[in-house]
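Asks: Input work-v7.txt, format and content: compact mmCIF, C-alpha atoms.
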```txt
# COMPACT_ATOMS: atom_id res chain seq x y z
CA MET T 1 31.27 224.74 88.63
CA GLN T 2 31.53 226.24 85.13
CA LYS T 3 34.12 224.74 82.81
CA VAL T 4 36.30 227.04 80.74
CA SER T 5 37.38 225.80 77.31
CA SER T 6 41.05 225.94 76.22
CA THR T 7 40.12 228.30 73.37
CA GLU T 8 38.57 230.79 75.80
CA THR T 9 41.64 230.52 78.05
CA VAL T 10 43.96 231.42 75.13
CA LYS T 11 41.76 234.37 74.21
CA ASP T 12 41.85 235.63 77.79
CA LEU T 13 45.64 235.27 77.92
CA ASN T 14 46.00 237.17 74.64
CA LYS T 15 44.12 240.06 76.25
CA VAL T 16 46.59 240.11 79.13
CA ILE T 17 49.88 239.31 77.29
CA LYS T 18 50.84 241.74 74.56
CA ILE T 19 54.06 241.13 72.64
CA ASP T 20 55.83 244.16 71.21
CA GLU T 21 58.07 242.67 68.53
CA SER T 22 59.91 245.94 67.89
CA GLN T 23 60.95 246.18 71.55
CA ILE T 24 62.15 242.57 71.54
CA GLN T 25 64.14 243.19 68.36
CA ASP T 26 65.68 246.36 69.84
CA HIS T 27 66.60 244.45 72.99
CA LEU T 28 68.21 241.64 70.97
CA ASP T 29 70.13 244.15 68.83
CA HIS T 30 71.39 245.83 72.01
CA LEU T 31 72.49 242.50 73.46
CA VAL T 32 74.34 241.54 70.28
CA ARG T 33 75.96 244.97 70.00
CA SER T 34 77.00 244.89 73.67
CA THR T 35 78.50 241.43 73.23
CA VAL T 36 80.45 242.49 70.14
CA GLU T 37 81.66 245.62 71.92
CA GLU T 38 82.74 243.69 75.01
CA THR T 39 84.52 241.04 72.91
CA LEU T 40 86.43 243.57 70.79
CA ASN T 41 87.52 245.57 73.83
CA GLY T 42 88.66 242.34 75.50
CA LEU T 43 90.74 241.49 72.43
CA LEU T 44 92.27 244.99 72.43
CA ASP T 45 93.27 244.59 76.08
CA ALA T 46 94.78 241.16 75.34
CA GLU T 47 96.81 242.66 72.46
CA ALA T 48 98.08 245.45 74.71
CA GLU T 49 99.11 242.93 77.38
CA GLN T 50 100.98 240.90 74.78
CA LEU T 51 102.84 243.98 73.53
CA CYS T 52 103.72 245.00 77.10
CA ASN T 53 104.63 241.43 77.97
CA ALA T 54 102.66 241.88 81.18
CA LYS T 55 99.09 242.25 82.41
CA ARG T 56 97.63 245.55 83.58
CA TYR T 57 99.31 246.74 86.84
CA GLU T 58 101.55 243.67 86.84
CA ARG T 59 105.18 244.33 87.85
CA THR T 60 107.62 241.88 86.33
CA SER T 61 111.21 241.97 85.09
CA ASP T 62 109.98 240.93 81.62
CA ARG T 63 107.73 243.98 81.16
CA SER T 64 108.74 245.81 77.95
CA ASN T 65 106.19 248.65 77.94
CA ALA T 66 103.53 250.33 80.08
CA ARG T 67 99.89 251.30 79.59
CA ALA T 68 99.05 255.01 79.37
CA GLY T 69 95.27 255.02 79.43
CA HIS T 70 93.06 254.71 76.34
CA TYR T 71 91.09 256.68 73.80
CA LYS T 72 87.61 256.02 72.45
CA ARG T 73 86.61 255.53 68.84
CA LYS T 74 83.48 254.49 67.03
CA LEU T 75 83.46 251.52 64.69
CA HIS T 76 80.69 250.34 62.34
CA THR T 77 80.15 246.59 62.46
CA THR T 78 77.45 244.28 61.11
CA ALA T 79 75.91 244.40 64.59
CA GLY T 80 75.76 248.19 64.52
CA GLU T 81 77.97 250.98 65.85
CA VAL T 82 80.15 250.03 68.81
CA GLU T 83 82.48 252.07 71.02
CA LEU T 84 86.04 250.83 71.37
CA LYS T 85 88.47 251.70 74.15
CA VAL T 86 91.78 251.60 72.30
CA PRO T 87 94.76 251.26 74.69
CA LYS T 88 97.63 253.74 74.58
CA LEU T 89 101.19 252.69 75.34
CA ARG T 90 103.84 254.84 76.99
CA TYR T 91 106.84 253.93 74.85
CA ALA T 92 105.37 252.87 71.52
CA LYS T 93 102.37 253.37 69.31
CA PHE T 94 99.63 250.78 69.79
CA GLU T 95 98.73 249.20 66.44
CA THR T 96 96.02 246.59 66.44
CA GLU T 97 95.26 243.99 63.79
CA ILE T 98 91.60 244.01 64.90
CA ILE T 99 91.00 247.58 63.73
CA ASN T 100 93.08 246.94 60.62
CA ARG T 101 90.74 244.09 59.69
CA TYR T 102 87.72 246.35 60.09
CA ARG T 103 89.47 249.06 58.07
CA ARG T 104 89.90 246.54 55.28
CA ARG T 105 86.25 245.62 55.62
CA GLN T 106 85.26 249.28 55.56
CA SER T 107 87.42 249.73 52.46
CA SER T 108 85.65 246.83 50.76
CA VAL T 109 82.29 248.39 51.69
CA GLU T 110 83.42 251.65 50.06
CA GLU T 111 84.47 249.75 46.94
CA ALA T 112 81.05 248.08 46.84
CA LEU T 113 79.25 251.43 47.14
CA MET T 114 81.38 252.93 44.37
CA GLU T 115 80.80 249.98 42.09
CA MET T 116 77.03 250.12 42.72
CA TYR T 117 77.01 253.79 41.74
CA LEU T 118 79.20 253.23 38.68
CA ALA T 119 76.93 250.38 37.63
CA GLY T 120 74.01 252.78 37.44
CA VAL T 121 72.29 252.12 40.78
CA SER T 122 70.50 255.28 41.89
CA VAL T 123 71.67 257.13 45.01
CA ARG T 124 68.37 256.47 46.76
CA ARG T 125 68.66 252.77 46.00
CA VAL T 126 72.22 252.75 47.35
CA GLU T 127 70.91 254.30 50.59
CA ASP T 128 68.28 251.55 50.90
CA ILE T 129 70.78 248.78 50.18
CA THR T 130 73.30 250.01 52.76
CA GLU T 131 70.61 250.33 55.42
CA ALA T 132 69.40 246.78 54.74
CA LEU T 133 72.90 245.24 54.70
CA TRP T 134 74.83 247.21 57.32
CA GLY T 135 72.13 248.87 59.41
CA MET T 136 73.25 252.37 58.45
CA LYS T 137 72.05 254.63 55.67
CA VAL T 138 74.72 256.25 53.53
CA SER T 139 73.79 259.78 52.53
CA ALA T 140 73.74 261.10 48.98
CA GLY T 141 76.70 263.33 49.85
CA THR T 142 78.72 260.34 51.03
CA VAL T 143 77.98 258.44 47.80
CA SER T 144 79.01 261.50 45.78
CA ASP T 145 82.27 261.82 47.77
CA LEU T 146 83.03 258.11 47.33
CA ASN T 147 82.28 258.40 43.63
CA GLN T 148 84.74 261.30 43.26
CA LYS T 149 87.33 259.39 45.28
CA MET T 150 86.90 256.36 43.01
CA TYR T 151 87.27 258.48 39.85
CA GLU T 152 90.53 259.93 41.16
CA ARG T 153 91.81 256.48 42.14
CA ILE T 154 90.93 254.97 38.76
CA ASP T 155 92.48 257.87 36.83
CA LYS T 156 95.68 257.50 38.85
CA TRP T 157 95.74 253.76 38.07
CA ARG T 158 95.00 254.34 34.36
CA ASN T 159 97.84 256.84 34.01
CA ARG T 160 100.47 255.01 36.06
CA SER T 161 103.91 254.43 34.54
CA ILE T 162 104.47 251.20 32.58
CA ASN T 163 107.73 249.64 33.72
CA GLY T 164 109.63 246.84 32.02
CA LYS T 165 109.24 245.36 28.55
CA TYR T 166 106.13 243.68 27.14
CA PRO T 167 106.96 241.47 24.13
CA TYR T 168 103.32 240.44 23.61
CA VAL T 169 100.51 243.01 23.58
CA TYR T 170 96.81 242.29 22.97
CA LEU T 171 94.50 245.09 21.75
CA ASP T 172 90.73 245.26 21.43
CA GLY T 173 87.80 247.65 21.74
CA ILE T 174 84.25 247.41 23.01
CA CYS T 175 81.23 249.56 22.16
CA LEU T 176 78.99 250.73 25.01
CA LYS T 177 75.86 252.88 24.88
CA ARG T 178 75.65 256.45 26.12
CA SER T 179 72.96 259.11 25.99
CA TRP T 180 73.84 262.23 24.05
CA GLY T 181 71.39 265.12 23.65
CA GLY T 182 68.42 262.82 24.14
CA GLU T 183 69.82 260.26 21.68
CA VAL T 184 71.58 256.97 22.33
CA ARG T 185 75.01 256.76 20.75
CA ASN T 186 77.96 254.39 20.84
CA VAL T 187 81.15 255.07 22.75
CA SER T 188 84.23 252.91 22.20
CA VAL T 189 86.42 251.82 25.08
CA LEU T 190 89.89 250.64 23.98
CA VAL T 191 91.83 248.14 26.09
CA ALA T 192 95.38 246.76 26.03
CA ILE T 193 96.90 243.93 28.05
CA GLY T 194 100.45 242.63 27.82
CA VAL T 195 102.69 239.75 28.80
CA GLY T 196 105.93 241.01 30.31
CA THR T 197 109.38 239.49 30.19
CA ASP T 198 108.59 237.86 33.54
CA GLY T 199 105.70 235.92 31.93
CA TYR T 200 102.93 237.65 33.93
CA ARG T 201 99.96 239.46 32.39
CA ASP T 202 99.19 243.11 33.12
CA ILE T 203 96.42 245.53 32.22
CA LEU T 204 98.41 248.10 30.27
CA GLY T 205 95.74 250.65 29.54
CA ILE T 206 92.12 251.57 28.93
CA ALA T 207 90.81 254.75 27.31
CA GLU T 208 87.77 256.17 25.59
CA GLY T 209 88.30 256.00 21.86
CA GLY T 210 85.31 257.88 20.42
CA LYS T 211 85.27 255.53 17.45
CA GLU T 212 87.47 252.54 16.68
CA ASP T 213 89.25 254.35 13.84
CA ARG T 214 92.86 255.31 13.15
CA GLU T 215 92.59 258.52 15.14
CA GLY T 216 91.23 256.67 18.19
CA TRP T 217 93.83 253.90 18.04
CA SER T 218 96.70 256.33 17.40
CA SER T 219 95.69 258.37 20.44
CA PHE T 220 95.50 255.22 22.58
CA LEU T 221 98.87 253.82 21.44
CA ARG T 222 100.49 257.22 21.94
CA HIS T 223 99.07 257.22 25.47
CA LEU T 224 100.63 253.78 26.12
CA LYS T 225 104.00 254.74 24.68
CA GLU T 226 104.18 258.01 26.63
CA ARG T 227 103.57 256.04 29.83
CA GLY T 228 106.57 253.83 29.05
CA LEU T 229 105.38 250.86 26.98
CA LYS T 230 108.38 249.37 25.17
CA GLY T 231 109.85 246.11 23.96
CA VAL T 232 106.75 245.16 21.94
CA GLN T 233 107.55 242.34 19.52
CA LEU T 234 104.05 241.13 18.66
CA ALA T 235 100.69 242.92 18.70
CA VAL T 236 97.64 240.64 18.61
CA SER T 237 94.25 241.99 17.56
CA ASP T 238 91.34 241.79 15.17
CA LYS T 239 91.68 243.66 11.88
CA CYS T 240 90.24 246.87 13.30
CA LEU T 241 90.00 249.94 11.09
CA GLY T 242 93.19 251.98 11.44
CA LEU T 243 94.74 249.75 14.12
CA VAL T 244 97.34 248.03 11.92
CA GLU T 245 98.61 251.36 10.56
CA SER T 246 98.77 252.82 14.08
CA ILE T 247 100.82 249.86 15.35
CA GLY T 248 103.30 250.38 12.53
CA GLU T 249 103.52 254.07 13.37
CA PHE T 250 104.23 253.74 17.10
CA PHE T 251 105.90 250.31 17.28
CA PRO T 252 107.59 249.88 13.88
CA ASP T 253 109.67 246.87 15.02
CA ALA T 254 106.63 244.89 16.19
CA ARG T 255 104.94 242.22 14.08
CA TRP T 256 101.14 242.15 13.86
CA GLN T 257 99.21 238.93 14.48
CA ARG T 258 95.63 238.89 13.24
CA CYS T 259 93.44 236.84 15.58
CA THR T 260 92.80 233.48 13.88
CA VAL T 261 89.33 233.16 15.44
CA HIS T 262 88.21 236.50 13.99
CA PHE T 263 89.73 235.51 10.66
CA TYR T 264 87.69 232.28 10.63
CA ARG T 265 84.51 234.23 11.39
CA ASN T 266 85.29 236.62 8.57
CA VAL T 267 85.60 233.69 6.12
CA PHE T 268 82.45 232.01 7.49
CA SER T 269 80.46 235.18 6.72
CA VAL T 270 80.55 234.22 3.01
CA VAL T 271 80.19 230.43 3.44
CA PRO T 272 76.80 228.63 3.37
CA ARG T 273 75.85 227.12 6.74
CA GLY T 274 75.92 223.60 5.35
CA ARG T 275 79.59 223.96 4.27
CA MET T 276 80.93 225.62 7.44
CA LYS T 277 82.15 222.46 9.15
CA GLU T 278 84.13 221.40 6.09
CA VAL T 279 85.61 224.88 5.60
CA SER T 280 86.45 225.07 9.32
CA MET T 281 88.58 221.92 9.07
CA MET T 282 90.38 223.35 6.05
CA LEU T 283 91.18 226.62 7.84
CA LYS T 284 92.42 224.83 10.95
CA ALA T 285 94.77 222.78 8.77
CA ILE T 286 96.55 226.02 7.80
CA HIS T 287 97.46 226.70 11.42
CA ALA T 288 98.42 223.10 12.14
CA GLN T 289 101.54 223.22 9.95
CA GLU T 290 105.02 222.84 11.37
CA ASP T 291 106.44 226.17 10.22
CA TYR T 292 105.70 229.46 8.47
CA ALA T 293 106.62 228.30 4.94
CA GLU T 294 104.41 225.20 5.14
CA ALA T 295 101.52 227.25 6.53
CA GLN T 296 101.79 229.64 3.58
CA LYS T 297 101.69 226.74 1.12
CA LYS T 298 98.70 225.25 2.89
CA ALA T 299 96.84 228.58 2.77
CA LEU T 300 97.28 228.77 -1.02
CA ALA T 301 96.13 225.14 -1.36
CA VAL T 302 93.03 225.86 0.75
CA ALA T 303 92.20 228.93 -1.36
CA ASP T 304 92.48 226.82 -4.56
CA LYS T 305 90.20 224.18 -3.09
CA LEU T 306 87.64 226.79 -2.09
CA ASP T 307 87.64 227.99 -5.70
CA GLN T 308 86.93 224.42 -6.82
CA MET T 309 84.04 224.29 -4.31
CA LYS T 310 82.59 227.43 -5.97
CA LEU T 311 83.26 229.44 -2.79
CA ARG T 312 85.14 232.21 -4.57
CA LYS T 313 84.55 234.96 -1.98
CA ALA T 314 85.86 232.70 0.77
CA ALA T 315 88.89 231.83 -1.38
CA GLU T 316 89.58 235.53 -1.91
CA LYS T 317 89.46 236.20 1.85
CA VAL T 318 91.91 233.34 2.50
CA ARG T 319 94.35 234.59 -0.16
CA ASP T 320 94.19 238.15 1.14
CA GLY T 321 94.15 237.51 4.89
CA ALA T 322 95.68 234.15 5.78
CA VAL T 323 99.24 235.46 5.82
CA GLU T 324 98.19 238.03 8.44
CA THR T 325 97.39 235.18 10.83
CA LEU T 326 100.81 233.48 10.57
CA SER T 327 103.04 235.94 12.45
CA TYR T 328 103.04 233.75 15.55
CA TYR T 329 105.25 231.24 13.67
CA HIS T 330 108.18 233.64 14.23
CA PHE T 331 107.97 233.07 17.98
CA PRO T 332 108.59 230.05 20.26
CA ARG T 333 106.43 227.02 19.54
CA GLU T 334 105.54 226.83 23.24
CA HIS T 335 103.75 230.21 22.93
CA TRP T 336 101.80 229.58 19.71
CA ARG T 337 98.51 228.62 21.29
CA GLN T 338 98.42 231.75 23.51
CA ILE T 339 99.53 234.31 20.91
CA ARG T 340 97.67 233.33 17.73
CA THR T 341 94.28 234.54 19.03
CA ASN T 342 92.99 237.48 21.02
CA ASN T 343 91.24 235.14 23.47
CA PRO T 344 93.13 236.33 26.58
CA LEU T 345 91.63 239.79 26.08
CA GLU T 346 88.28 238.58 24.72
CA ARG T 347 87.48 236.94 28.08
CA ILE T 348 88.06 240.25 29.87
CA MET T 349 85.94 242.15 27.37
CA ARG T 350 83.08 239.71 27.95
CA GLU T 351 83.30 240.47 31.67
CA ILE T 352 83.07 244.22 30.98
CA ARG T 353 80.07 243.65 28.71
CA ARG T 354 78.37 241.51 31.35
CA ARG T 355 78.81 244.18 34.02
CA SER T 356 77.74 247.04 31.72
CA ARG T 357 74.64 245.21 30.46
CA VAL T 358 72.77 245.95 33.70
CA VAL T 359 73.31 249.69 33.16
CA GLY T 360 71.94 249.72 29.62
CA CYS T 361 72.83 253.29 28.67
CA PHE T 362 75.44 255.40 30.46
CA PRO T 363 74.87 259.12 31.08
CA ASP T 364 78.20 259.95 29.41
CA GLY T 365 81.35 258.40 28.02
CA ASN T 366 83.33 258.98 31.21
CA SER T 367 80.90 256.88 33.27
CA ALA T 368 81.25 254.02 30.78
CA LEU T 369 85.04 254.32 30.92
CA MET T 370 85.06 254.41 34.74
CA LEU T 371 82.95 251.27 35.07
CA ALA T 372 85.10 249.35 32.58
CA ALA T 373 88.31 250.60 34.23
CA ALA T 374 87.04 249.71 37.71
CA ARG T 375 86.36 246.17 36.55
CA LEU T 376 89.79 245.84 34.93
CA ARG T 377 91.44 247.18 38.07
CA TYR T 378 89.65 244.52 40.08
CA ILE T 379 90.65 241.75 37.63
CA ALA T 380 94.29 242.87 37.76
CA GLY T 381 94.30 242.26 41.52
CA THR T 382 92.97 238.70 41.29
CA LYS T 383 94.70 235.44 40.37
CA TRP T 384 94.57 236.64 36.76
CA GLY T 385 97.49 238.96 37.40
CA SER T 386 99.34 236.89 40.00
CA ARG T 387 99.67 233.68 37.99
CA ARG T 388 102.47 233.22 35.46
CA TYR T 389 100.94 233.02 31.99
CA LEU T 390 103.96 232.14 29.82
CA ASN T 391 107.51 230.97 30.32
CA MET T 392 109.42 233.74 28.56
CA LYS T 393 112.83 232.09 28.88
CA ARG T 394 112.26 230.35 25.54
CA LEU T 395 111.73 233.71 23.80
CA GLU T 396 114.97 234.98 25.28
CA GLU T 397 116.80 231.86 24.04
CA LEU T 398 115.30 232.30 20.56
CA GLU T 399 116.48 235.92 20.41
CA MET T 400 119.99 234.85 21.41
CA GLU T 401 119.99 232.14 18.71
CA ARG T 402 118.94 234.67 16.06
CA ALA T 403 121.54 237.18 17.21
CA ALA T 404 124.25 234.52 17.02
CA MET T 405 123.09 233.50 13.53
CA SER T 406 123.10 237.13 12.40
CA ASP T 407 126.65 237.63 13.71
CA LYS T 408 127.75 234.44 11.96
CA LYS T 409 126.31 235.62 8.64
CA SER T 410 127.89 239.07 8.91
CA ALA T 411 131.29 237.49 9.70
CA CYS T 412 131.10 235.16 6.69
CA PRO T 413 132.99 236.36 3.53
CA MET T 414 130.73 237.54 0.71
CA GLY T 415 129.64 234.72 -1.56
CA GLN T 416 130.64 231.99 0.90
CA ALA T 417 127.74 229.87 2.19
CA VAL T 418 127.13 229.51 5.86
CA ALA T 419 127.30 225.94 7.04
```
Mind converting the file's structure to structure tokens?
Replies:
Amino acid sequence: MQKVSSTETVKDLNKVIKIDESQIQDHLDHLVRSTVEETLNGLLDAEAEQLCNAKRYERTSDRSNARAGHYKRKLHTTAGEVELKVPKLRYAKFETEIINRYRRRQSSVEEALMEMYLAGVSVRRVEDITEALWGMKVSAGTVSDLNQKMYERIDKWRNRSINGKYPYVYLDGICLKRSWGGEVRNVSVLVAIGVGTDGYRDILGIAEGGKEDREGWSSFLRHLKERGLKGVQLAVSDKCLGLVESIGEFFPDARWQRCTVHFYRNVFSVVPRGRMKEVSMMLKAIHAQEDYAEAQKKALAVADKLDQMKLRKAAEKVRDGAVETLSYYHFPREHWRQIRTNNPLERIMREIRRRSRVVGCFPDGNSALMLAAARLRYIAGTKWGSRRYLNMKRLEELEMERAAMSDKKSACPMGQAVA
């Protein structure tokens, strides 16, 4: 009797058994899809029974509604497209939380597609990504429609009315790259955020500025004011070209606070590297004083010391610019740390830069604006906008104290000192 080796047996079995992986995968996909479909339809039936307060065909005194058949609808899920049998009720409209959840999911998918397109991902690449993630390929026409929908939604959000008062407003601009006639040029995107009287932060506006000059800033501030921005008491920003004059033009009652961090950097630009740490401590001492008058004195003392250290250009910058960084002293001490720099807005601008870096160069200024606006709109809906940033009650109390002091002075006879 001839012995057959195990290797030969396996080879013979391989000739007989042929595994079609694609058929197995299709069968598994069908099983998963069928299970999802059956589960969702079961949940819809359970919801209908709960609303009717009775099972199908059940006759009870507690029944509050009756079934009236169903209608079919398709729904895209991660398992593929399934067919739902949505119950209809005789005396009320059937509204299901299950479909609402999938609508929210579908909405988030649309947002993801729009953001991919805005971020510079090609339409063909978007088609490939959607097929890999959700098992369905989104056509170029769909992407174009979603893109147009997103533009309209963003423009509506950008031009919404500004309600309420915003005592503190932060302003800044960011330069992005765009292609123009075969050349790469800069486009400025101007951004404003504010802290309202309720203490919460809001994205007030974003617009294309052409260049960060007086014309660009004036146009942006006019846009904010026409939409309803009012009650501005302090504008915080870097010393941008034309910005300070524009603030005075549109919000004449507002003080201007130059960002202390940008001021330090400006001084450091004329200080040798080996002396920066020492100069940094001197500058910080200016903003560690107890009140405005003491801070002014300290600034003059620091400028004199810089002269003695042979750092005359740095001394000149301190004499000319230090007073611009002291406006926050006119506001509640509890707010000083948050209003003496532009850091609250700088963090947002870094996020815009991070998201735009993957694009490199935008096809036009509007695309750059849309991507930045889409990111700001997303940030506004996160914890950033739902968490109280400052307690504004102290500002209200300070205003009342000043008003009372002003009334007391006006009521005092001329020449008589106020106690």
Asks: May I have the residues at most 9 Å from (91.6, 251.3, 13.7) in the file's coordinates, counting all atoms listed in the file, as a list in words?
Replies: Lys211, Glu212, Asp213, Arg214, Glu215, Gly216, Trp217, Ser218, Lys239, Cys240, Leu241, Gly242, Leu243, Val244, Glu245 and Ser246 of chain T
Asks: Which residue gives the smallest distance to T:Arg201 among T:Gln289, T:Ser356, T:Thr39, T:Gln338, with all atoms listed in the file counted?
Replies: T:Gln338
Asks: Quick one: residues within 12 Å of (95.2, 235.9, 37.4) (file frame), counting only C-alpha atoms, please, as number ranges by chain.
Replies: T: 199-203, 344, 348, 376-389
Asks: For the selection just defined, write its residues with C-alpha atoms to a file, as a PDB file, in the frame of the given file.
Replies:
```
ATOM      1  CA  GLY T 199     105.700 235.920  31.930  1.00  0.00           C
ATOM      2  CA  TYR T 200     102.930 237.650  33.930  1.00  0.00           C
ATOM      3  CA  ARG T 201      99.960 239.460  32.390  1.00  0.00           C
ATOM      4  CA  ASP T 202      99.190 243.110  33.120  1.00  0.00           C
ATOM      5  CA  ILE T 203      96.420 245.530  32.220  1.00  0.00           C
ATOM      6  CA  PRO T 344      93.130 236.330  26.580  1.00  0.00           C
ATOM      7  CA  ILE T 348      88.060 240.250  29.870  1.00  0.00           C
ATOM      8  CA  LEU T 376      89.790 245.840  34.930  1.00  0.00           C
ATOM      9  CA  ARG T 377      91.440 247.180  38.070  1.00  0.00           C
ATOM     10  CA  TYR T 378      89.650 244.520  40.080  1.00  0.00           C
ATOM     11  CA  ILE T 379      90.650 241.750  37.630  1.00  0.00           C
ATOM     12  CA  ALA T 380      94.290 242.870  37.760  1.00  0.00           C
ATOM     13  CA  GLY T 381      94.300 242.260  41.520  1.00  0.00           C
ATOM     14  CA  THR T 382      92.970 238.700  41.290  1.00  0.00           C
ATOM     15  CA  LYS T 383      94.700 235.440  40.370  1.00  0.00           C
ATOM     16  CA  TRP T 384      94.570 236.640  36.760  1.00  0.00           C
ATOM     17  CA  GLY T 385      97.490 238.960  37.400  1.00  0.00           C
ATOM     18  CA  SER T 386      99.340 236.890  40.000  1.00  0.00           C
ATOM     19  CA  ARG T 387      99.670 233.680  37.990  1.00  0.00           C
ATOM     20  CA  ARG T 388     102.470 233.220  35.460  1.00  0.00           C
ATOM     21  CA  TYR T 389     100.940 233.020  31.990  1.00  0.00           C
TER      22      TYR T 389
END
```
Asks: One number please: atom CA of T:Gly321 to atom CA of T:Val169, in Å, one decimal.
Replies: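 Atom-to-atom, atom CA of T:Gly321 to atom CA of T:Val169, that is 20.5 Å.
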Asks: When distances are computed from all atoms listed in the file, which of T:Gly194, T:Gly42, T:Gly69, T:Pro252 shows the smallest separation from T:Leu224?
Replies: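 Closest candidate: T:Gly194.
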Asks: What is the distance between atom CA of T:Tyr166 and atom CA of T:Leu371, in Å to one decimal?
Replies: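 Distance reported for this atom pair: 25.6 Å.
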Asks: If you measure from atom CA of T:Met400 to atom CA of T:Val236, what distance in Å do you get, rounded to one decimal?
Replies: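 Value for the atom CA of T:Met400-atom CA of T:Val236 distance: 23.3 Å.
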Asks: Between T:Ala374, T:Leu75, T:Ala92, T:Cys259, which one has atoms that come closest to T:Leu234, using all atoms listed in the file?
Replies: T:Cys259
Asks: For stretch 45-57 of chain T, list every protein, DNA or RNA residue within 12 Å, evaluated using only C-alpha atoms, and leave out those in the same chain fewer than 4 positions away; present the list as a ChimeraX atom specification.
Replies: /T:38-41,61-70,84-99
Asks: List the neighbours of T:Leu204 out to 12 Å using all atoms listed in the file; skip same-chain residues closer than 5 positions along the sequence, and give me the result as a JSON list (two decimals) with C-alpha atoms, in the coordinates of the input.
Replies:
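Final output, saved to out.json:
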```
[["chain", "number", "residue", "atom", "x", "y", "z"],
["T", 157, "TRP", "CA", 95.74, 253.76, 38.07],
["T", 158, "ARG", "CA", 95.00, 254.34, 34.36],
["T", 159, "ASN", "CA", 97.84, 256.84, 34.01],
["T", 160, "ARG", "CA", 100.47, 255.01, 36.06],
["T", 161, "SER", "CA", 103.91, 254.43, 34.54],
["T", 162, "ILE", "CA", 104.47, 251.20, 32.58],
["T", 163, "ASN", "CA", 107.73, 249.64, 33.72],
["T", 164, "GLY", "CA", 109.63, 246.84, 32.02],
["T", 165, "LYS", "CA", 109.24, 245.36, 28.55],
["T", 166, "TYR", "CA", 106.13, 243.68, 27.14],
["T", 168, "TYR", "CA", 103.32, 240.44, 23.61],
["T", 169, "VAL", "CA", 100.51, 243.01, 23.58],
["T", 170, "TYR", "CA", 96.81, 242.29, 22.97],
["T", 171, "LEU", "CA", 94.50, 245.09, 21.75],
["T", 190, "LEU", "CA", 89.89, 250.64, 23.98],
["T", 191, "VAL", "CA", 91.83, 248.14, 26.09],
["T", 192, "ALA", "CA", 95.38, 246.76, 26.03],
["T", 193, "ILE", "CA", 96.90, 243.93, 28.05],
["T", 194, "GLY", "CA", 100.45, 242.63, 27.82],
["T", 195, "VAL", "CA", 102.69, 239.75, 28.80],
["T", 196, "GLY", "CA", 105.93, 241.01, 30.31],
["T", 220, "PHE", "CA", 95.50, 255.22, 22.58],
["T", 221, "LEU", "CA", 98.87, 253.82, 21.44],
["T", 223, "HIS", "CA", 99.07, 257.22, 25.47],
["T", 224, "LEU", "CA", 100.63, 253.78, 26.12],
["T", 225, "LYS", "CA", 104.00, 254.74, 24.68],
["T", 227, "ARG", "CA", 103.57, 256.04, 29.83],
["T", 228, "GLY", "CA", 106.57, 253.83, 29.05],
["T", 229, "LEU", "CA", 105.38, 250.86, 26.98],
["T", 230, "LYS", "CA", 108.38, 249.37, 25.17],
["T", 345, "LEU", "CA", 91.63, 239.79, 26.08],
["T", 373, "ALA", "CA", 88.31, 250.60, 34.23],
["T", 376, "LEU", "CA", 89.79, 245.84, 34.93],
["T", 377, "ARG", "CA", 91.44, 247.18, 38.07],
["T", 380, "ALA", "CA", 94.29, 242.87, 37.76],
["T", 385, "GLY", "CA", 97.49, 238.96, 37.40]]
```
Asks: Residues within 10 Å of stretch 297-311 of chain T, please, as a list in words. Count all atoms listed in the file; anything in the same chain fewer than 5 positions from it doesn't count.
Replies: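 The residues that qualify are Val270, Val271, Pro272, Arg275, Val279, Met282, Leu283, Ala285, Ile286, His287, Ala288, Gln289, Tyr292, Glu316, Lys317, Val318, Arg319, Asp320, Gly321, Ala322 and Val323 of chain T.
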Asks: I'd like the contact shell of T:Glu346 - 10 Å cut-off, only C-alpha atoms, skipping same-chain residues fewer than 2 positions apart - returned as a ChimeraX atom specification.
Replies: /T:170-174,237,341-344,348-352
Asks: Quick one: axis-aligned box around all listed atoms of stretch 32-49 of chain T, 6 Å on every side, centre and edge lengths in Å to one decimal, written as AutoDock Vina command-line options.
Replies:
```
--center_x 86.7 --center_y 243.3 --center_z 73.7 --size_x 36.8 --size_y 16.6 --size_z 19.4
```
